[in-house]
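Content type mmCIF, N, CA, C and O atoms, from the file model.cif:
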data_model
loop_
_atom_site.label_atom_id
_atom_site.label_comp_id
_atom_site.auth_asym_id
_atom_site.auth_seq_id
_atom_site.Cartn_x
_atom_site.Cartn_y
_atom_site.Cartn_z
N MET E 1 122.12 -20.33 37.16
CA MET E 1 121.69 -21.70 37.33
C MET E 1 122.10 -22.50 36.10
O MET E 1 121.79 -22.11 34.98
N ASN E 2 122.78 -23.60 36.33
CA ASN E 2 123.18 -24.41 35.19
C ASN E 2 122.07 -25.38 34.79
O ASN E 2 121.03 -25.46 35.44
N LYS E 3 122.32 -26.11 33.72
CA LYS E 3 121.29 -27.01 33.17
C LYS E 3 120.88 -28.09 34.18
O LYS E 3 119.71 -28.43 34.30
N ARG E 4 121.86 -28.60 34.92
CA ARG E 4 121.56 -29.64 35.90
C ARG E 4 120.61 -29.13 36.98
O ARG E 4 119.67 -29.83 37.39
N ASN E 5 120.83 -27.92 37.45
CA ASN E 5 119.96 -27.35 38.48
C ASN E 5 118.55 -27.09 37.95
O ASN E 5 117.58 -27.25 38.69
N VAL E 6 118.45 -26.70 36.70
CA VAL E 6 117.13 -26.49 36.10
C VAL E 6 116.37 -27.81 36.01
O VAL E 6 115.18 -27.89 36.35
N VAL E 7 117.05 -28.87 35.59
CA VAL E 7 116.42 -30.19 35.52
C VAL E 7 116.03 -30.67 36.91
O VAL E 7 114.93 -31.19 37.11
N ASN E 8 116.92 -30.48 37.89
CA ASN E 8 116.59 -30.87 39.28
C ASN E 8 115.38 -30.11 39.79
O ASN E 8 114.52 -30.68 40.46
N ALA E 9 115.31 -28.82 39.49
CA ALA E 9 114.16 -28.02 39.93
C ALA E 9 112.88 -28.52 39.28
O ALA E 9 111.84 -28.62 39.94
N LEU E 10 112.94 -28.83 37.99
CA LEU E 10 111.75 -29.33 37.29
C LEU E 10 111.27 -30.66 37.88
O LEU E 10 110.08 -30.84 38.13
N VAL E 11 112.21 -31.56 38.13
CA VAL E 11 111.84 -32.85 38.73
C VAL E 11 111.25 -32.65 40.12
O VAL E 11 110.24 -33.26 40.47
N LEU E 12 111.85 -31.79 40.91
CA LEU E 12 111.35 -31.52 42.26
C LEU E 12 109.95 -30.93 42.23
O LEU E 12 109.08 -31.33 43.01
N VAL E 13 109.69 -30.01 41.32
CA VAL E 13 108.36 -29.41 41.20
C VAL E 13 107.34 -30.45 40.76
O VAL E 13 106.24 -30.53 41.32
N LEU E 14 107.69 -31.27 39.77
CA LEU E 14 106.75 -32.29 39.30
C LEU E 14 106.43 -33.33 40.38
O LEU E 14 105.27 -33.71 40.56
N VAL E 15 107.44 -33.74 41.12
CA VAL E 15 107.21 -34.70 42.22
C VAL E 15 106.36 -34.05 43.30
O VAL E 15 105.43 -34.67 43.84
N SER E 16 106.64 -32.80 43.62
CA SER E 16 105.86 -32.10 44.65
C SER E 16 104.40 -31.97 44.24
O SER E 16 103.51 -32.17 45.06
N LEU E 17 104.17 -31.64 42.98
CA LEU E 17 102.79 -31.50 42.50
C LEU E 17 102.02 -32.81 42.56
O LEU E 17 100.81 -32.82 42.77
N SER E 18 102.72 -33.92 42.40
CA SER E 18 102.02 -35.20 42.44
C SER E 18 101.89 -35.76 43.86
O SER E 18 100.96 -36.50 44.14
N VAL E 19 102.79 -35.40 44.75
CA VAL E 19 102.81 -36.02 46.09
C VAL E 19 102.13 -35.17 47.15
O VAL E 19 101.38 -35.69 47.98
N VAL E 20 102.35 -33.88 47.16
CA VAL E 20 101.86 -33.02 48.24
C VAL E 20 100.34 -33.05 48.39
O VAL E 20 99.85 -33.17 49.52
N PRO E 21 99.55 -32.98 47.30
CA PRO E 21 98.09 -33.06 47.51
C PRO E 21 97.65 -34.36 48.18
O PRO E 21 96.74 -34.36 49.01
N THR E 22 98.33 -35.45 47.85
CA THR E 22 98.00 -36.73 48.49
C THR E 22 98.32 -36.69 49.98
O THR E 22 97.55 -37.19 50.80
N LEU E 23 99.44 -36.09 50.33
CA LEU E 23 99.81 -35.99 51.74
C LEU E 23 98.85 -35.08 52.51
O LEU E 23 98.51 -35.35 53.66
N ILE E 24 98.41 -34.01 51.86
CA ILE E 24 97.49 -33.08 52.52
C ILE E 24 96.14 -33.74 52.76
O ILE E 24 95.53 -33.56 53.82
N ARG E 25 95.67 -34.53 51.78
CA ARG E 25 94.35 -35.15 51.90
C ARG E 25 94.31 -36.37 52.82
O ARG E 25 93.24 -36.86 53.16
N ALA E 26 95.48 -36.88 53.20
CA ALA E 26 95.52 -38.09 54.03
C ALA E 26 94.91 -37.82 55.39
O ALA E 26 95.33 -36.90 56.10
N GLU E 27 93.91 -38.61 55.73
CA GLU E 27 93.26 -38.43 57.03
C GLU E 27 94.14 -38.97 58.16
O GLU E 27 94.28 -38.34 59.20
N HIS E 28 94.72 -40.13 57.94
CA HIS E 28 95.62 -40.73 58.91
C HIS E 28 96.92 -41.06 58.19
O HIS E 28 96.90 -41.75 57.19
N TRP E 29 98.02 -40.57 58.75
CA TRP E 29 99.30 -40.79 58.09
C TRP E 29 99.84 -42.17 58.42
O TRP E 29 99.88 -42.58 59.57
N SER E 30 100.25 -42.88 57.39
CA SER E 30 100.90 -44.17 57.57
C SER E 30 102.41 -43.97 57.50
O SER E 30 102.90 -42.86 57.26
N VAL E 31 103.15 -45.02 57.67
CA VAL E 31 104.61 -44.95 57.61
C VAL E 31 105.05 -44.46 56.23
O VAL E 31 105.97 -43.65 56.11
N LEU E 32 104.37 -44.90 55.18
CA LEU E 32 104.73 -44.50 53.83
C LEU E 32 104.58 -42.99 53.63
O LEU E 32 105.39 -42.38 52.94
N ASN E 33 103.58 -42.39 54.25
CA ASN E 33 103.42 -40.93 54.15
C ASN E 33 104.59 -40.21 54.80
O ASN E 33 105.07 -39.21 54.26
N TYR E 34 105.04 -40.69 55.95
CA TYR E 34 106.18 -40.07 56.61
C TYR E 34 107.46 -40.24 55.79
O TYR E 34 108.26 -39.32 55.67
N VAL E 35 107.63 -41.42 55.19
CA VAL E 35 108.80 -41.67 54.34
C VAL E 35 108.76 -40.75 53.13
O VAL E 35 109.78 -40.16 52.75
N THR E 36 107.60 -40.60 52.51
CA THR E 36 107.45 -39.73 51.34
C THR E 36 107.73 -38.28 51.70
O THR E 36 108.44 -37.57 50.97
N ALA E 37 107.16 -37.81 52.80
CA ALA E 37 107.39 -36.43 53.23
C ALA E 37 108.86 -36.20 53.56
O ALA E 37 109.43 -35.16 53.22
N GLY E 38 109.49 -37.16 54.20
CA GLY E 38 110.91 -37.04 54.52
C GLY E 38 111.77 -37.02 53.27
O GLY E 38 112.72 -36.23 53.16
N ALA E 39 111.45 -37.87 52.30
CA ALA E 39 112.21 -37.89 51.05
C ALA E 39 112.05 -36.59 50.30
O ALA E 39 113.01 -36.07 49.71
N LEU E 40 110.85 -36.03 50.31
CA LEU E 40 110.62 -34.74 49.66
C LEU E 40 111.41 -33.63 50.35
O LEU E 40 112.01 -32.78 49.70
N ALA E 41 111.44 -33.65 51.68
CA ALA E 41 112.21 -32.65 52.43
C ALA E 41 113.70 -32.78 52.14
O ALA E 41 114.39 -31.77 51.94
N VAL E 42 114.20 -34.00 52.09
CA VAL E 42 115.61 -34.22 51.76
C VAL E 42 115.91 -33.73 50.35
O VAL E 42 116.95 -33.11 50.10
N GLY E 43 114.98 -33.97 49.42
CA GLY E 43 115.16 -33.49 48.05
C GLY E 43 115.23 -31.98 47.97
O GLY E 43 116.04 -31.42 47.23
N VAL E 44 114.40 -31.30 48.73
CA VAL E 44 114.42 -29.83 48.75
C VAL E 44 115.73 -29.32 49.32
O VAL E 44 116.36 -28.41 48.76
N VAL E 45 116.18 -29.90 50.43
CA VAL E 45 117.44 -29.48 51.04
C VAL E 45 118.60 -29.74 50.09
O VAL E 45 119.48 -28.90 49.90
N TRP E 46 118.60 -30.90 49.45
CA TRP E 46 119.65 -31.26 48.51
C TRP E 46 119.69 -30.26 47.35
O TRP E 46 120.76 -29.81 46.94
N PHE E 47 118.52 -29.90 46.84
CA PHE E 47 118.46 -28.94 45.74
C PHE E 47 119.00 -27.57 46.16
O PHE E 47 119.79 -26.95 45.44
N VAL E 48 118.60 -27.09 47.32
CA VAL E 48 119.05 -25.79 47.80
C VAL E 48 120.57 -25.79 48.00
O VAL E 48 121.27 -24.84 47.61
N VAL E 49 121.11 -26.85 48.59
CA VAL E 49 122.56 -26.94 48.80
C VAL E 49 123.28 -26.99 47.47
O VAL E 49 124.32 -26.35 47.28
N ASP E 50 122.74 -27.74 46.50
CA ASP E 50 123.36 -27.85 45.19
C ASP E 50 123.38 -26.51 44.47
O ASP E 50 124.38 -26.13 43.86
N VAL E 51 122.28 -25.76 44.55
CA VAL E 51 122.22 -24.44 43.92
C VAL E 51 123.21 -23.49 44.60
O VAL E 51 123.92 -22.73 43.93
N ALA E 52 123.28 -23.54 45.93
CA ALA E 52 124.21 -22.68 46.65
C ALA E 52 125.65 -23.03 46.32
O ALA E 52 126.49 -22.13 46.14
N ARG E 53 125.94 -24.31 46.21
CA ARG E 53 127.29 -24.73 45.86
C ARG E 53 127.65 -24.29 44.46
O ARG E 53 128.76 -23.82 44.20
N ALA E 54 126.71 -24.41 43.53
CA ALA E 54 126.96 -23.98 42.15
C ALA E 54 127.15 -22.46 42.08
O ALA E 54 128.00 -21.98 41.34
N ALA E 55 126.40 -21.72 42.87
CA ALA E 55 126.55 -20.27 42.90
C ALA E 55 127.91 -19.90 43.50
O ALA E 55 128.56 -18.97 43.03
N GLY E 56 128.32 -20.60 44.53
CA GLY E 56 129.62 -20.34 45.14
C GLY E 56 130.77 -20.68 44.21
O GLY E 56 131.76 -19.97 44.16
N ALA E 57 130.63 -21.75 43.45
CA ALA E 57 131.68 -22.15 42.50
C ALA E 57 131.77 -21.13 41.36
O ALA E 57 132.85 -20.86 40.85
N GLY E 58 130.63 -20.58 40.97
CA GLY E 58 130.62 -19.59 39.90
C GLY E 58 131.27 -18.29 40.32
O GLY E 58 131.87 -17.58 39.53
N ARG E 59 131.16 -17.96 41.58
CA ARG E 59 131.73 -16.71 42.10
C ARG E 59 133.24 -16.77 42.24
O ARG E 59 133.94 -15.80 42.06
N SER E 60 133.75 -17.95 42.58
CA SER E 60 135.18 -18.06 42.85
C SER E 60 136.01 -18.07 41.57
O SER E 60 137.20 -17.88 41.62
N SER E 61 135.40 -18.33 40.42
CA SER E 61 136.18 -18.37 39.19
C SER E 61 136.33 -17.03 38.54
O SER E 61 135.81 -16.06 38.85
#
When written as structure tokens, how does the structure in this file appear?
Amino acid sequence: MNKRNVVNALVLVLVSLSVVPTLIRAEHWSVLNYVTAGALAVGVVWFVVDVARAAGAGRSS
């Protein structure tokens, strides 16, 4: 894992720790909750793809 992936992982963990409890406690979801959950899901997918791409680039050299 390179430095960029470590920073991305740290940011993703910090955002998740601040957002997920709020989403879990929400009694009724508003549009903003769906947007937040979607953005978090996109962030997770983006991170996984980035790590996989970095691992693949490291293997080919």
Nearest to E:Thr36, chosen from E:Arg53, E:Val11, E:Val20, E:Val48, with only C-alpha atoms counted in the distances: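 Selected residue with least distance to E:Thr36: E:Val20.
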Hits of the PyMOL selection byres (((chain E and resi 9 and name CA) around 12) and name CA) in this structure, as a ChimeraX atom specification: /E:1-8,10-16,43-48,50-51
Interatomic distance, atom N of E:Ala55 to atom C of E:Ala39 (Å, one decimal):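 Separation of atom N of E:Ala55 and atom C of E:Ala39: 22.0 Å.
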Atom pair atom CA of E:Leu40 / atom CA of E:Arg25: separation (Å):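 Atom CA of E:Arg25 lies 16.4 Å from atom CA of E:Leu40.
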Pairwise distance for atom N of E:Ile24 and atom CA of E:Ala52, rounded to one decimal in Å: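 According to the coordinates, atom N of E:Ile24 and atom CA of E:Ala52 are separated by 28.7 Å.
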Could you complete stretch 1-12 of chain E so that it carries all heavy atoms, and give it back as a compact mmCIF listing (two decimals), in the frame of the given file?
# COMPACT_ATOMS: atom_id res chain seq x y z
N MET E 1 122.12 -20.33 37.16
CA MET E 1 121.69 -21.70 37.33
C MET E 1 122.10 -22.50 36.10
O MET E 1 121.79 -22.11 34.98
CB MET E 1 120.17 -21.72 37.48
CG MET E 1 119.68 -22.43 38.67
SD MET E 1 117.90 -22.19 38.82
CE MET E 1 117.52 -23.46 39.91
N ASN E 2 122.78 -23.60 36.33
CA ASN E 2 123.18 -24.41 35.19
C ASN E 2 122.07 -25.38 34.79
O ASN E 2 121.03 -25.46 35.44
CB ASN E 2 124.50 -25.12 35.48
CG ASN E 2 124.40 -26.07 36.65
OD1 ASN E 2 123.32 -26.51 37.02
ND2 ASN E 2 125.53 -26.41 37.25
N LYS E 3 122.32 -26.11 33.72
CA LYS E 3 121.29 -27.01 33.17
C LYS E 3 120.88 -28.09 34.18
O LYS E 3 119.71 -28.43 34.30
CB LYS E 3 121.83 -27.66 31.89
CG LYS E 3 120.79 -28.49 31.18
CD LYS E 3 121.41 -29.36 30.11
CE LYS E 3 121.46 -28.68 28.79
NZ LYS E 3 121.88 -29.61 27.71
N ARG E 4 121.86 -28.60 34.92
CA ARG E 4 121.56 -29.64 35.90
C ARG E 4 120.61 -29.13 36.98
O ARG E 4 119.67 -29.83 37.39
CB ARG E 4 122.86 -30.12 36.52
CG ARG E 4 122.66 -31.23 37.52
CD ARG E 4 123.99 -31.73 38.02
NE ARG E 4 123.87 -31.93 39.45
CZ ARG E 4 124.86 -31.90 40.28
NH1 ARG E 4 126.07 -31.63 39.86
NH2 ARG E 4 124.68 -32.10 41.55
N ASN E 5 120.83 -27.92 37.45
CA ASN E 5 119.96 -27.35 38.48
C ASN E 5 118.55 -27.09 37.95
O ASN E 5 117.58 -27.25 38.69
CB ASN E 5 120.56 -26.07 39.05
CG ASN E 5 121.76 -26.34 39.92
OD1 ASN E 5 121.92 -27.43 40.46
ND2 ASN E 5 122.63 -25.37 40.06
N VAL E 6 118.45 -26.70 36.70
CA VAL E 6 117.13 -26.49 36.10
C VAL E 6 116.37 -27.81 36.01
O VAL E 6 115.18 -27.89 36.35
CB VAL E 6 117.26 -25.84 34.71
CG1 VAL E 6 115.93 -25.80 33.99
CG2 VAL E 6 117.84 -24.44 34.83
N VAL E 7 117.05 -28.87 35.59
CA VAL E 7 116.42 -30.19 35.52
C VAL E 7 116.03 -30.67 36.91
O VAL E 7 114.93 -31.19 37.11
CB VAL E 7 117.36 -31.20 34.82
CG1 VAL E 7 116.82 -32.61 34.92
CG2 VAL E 7 117.56 -30.81 33.37
N ASN E 8 116.92 -30.48 37.89
CA ASN E 8 116.59 -30.87 39.28
C ASN E 8 115.38 -30.11 39.79
O ASN E 8 114.52 -30.68 40.46
CB ASN E 8 117.79 -30.63 40.19
CG ASN E 8 118.88 -31.65 39.99
OD1 ASN E 8 118.68 -32.68 39.37
ND2 ASN E 8 120.06 -31.34 40.49
N ALA E 9 115.31 -28.82 39.49
CA ALA E 9 114.16 -28.02 39.93
C ALA E 9 112.88 -28.52 39.28
O ALA E 9 111.84 -28.62 39.94
CB ALA E 9 114.39 -26.55 39.59
N LEU E 10 112.94 -28.83 37.99
CA LEU E 10 111.75 -29.33 37.29
C LEU E 10 111.27 -30.66 37.88
O LEU E 10 110.08 -30.84 38.13
CB LEU E 10 112.07 -29.49 35.80
CG LEU E 10 110.92 -29.97 34.92
CD1 LEU E 10 109.77 -28.97 34.97
CD2 LEU E 10 111.40 -30.17 33.50
N VAL E 11 112.21 -31.56 38.13
CA VAL E 11 111.84 -32.85 38.73
C VAL E 11 111.25 -32.65 40.12
O VAL E 11 110.24 -33.26 40.47
CB VAL E 11 113.07 -33.78 38.79
CG1 VAL E 11 112.80 -35.01 39.65
CG2 VAL E 11 113.48 -34.20 37.38
N LEU E 12 111.85 -31.79 40.91
CA LEU E 12 111.35 -31.52 42.26
C LEU E 12 109.95 -30.93 42.23
O LEU E 12 109.08 -31.33 43.01
CB LEU E 12 112.32 -30.59 42.99
CG LEU E 12 112.12 -30.43 44.48
CD1 LEU E 12 112.24 -31.77 45.19
CD2 LEU E 12 113.15 -29.47 45.03
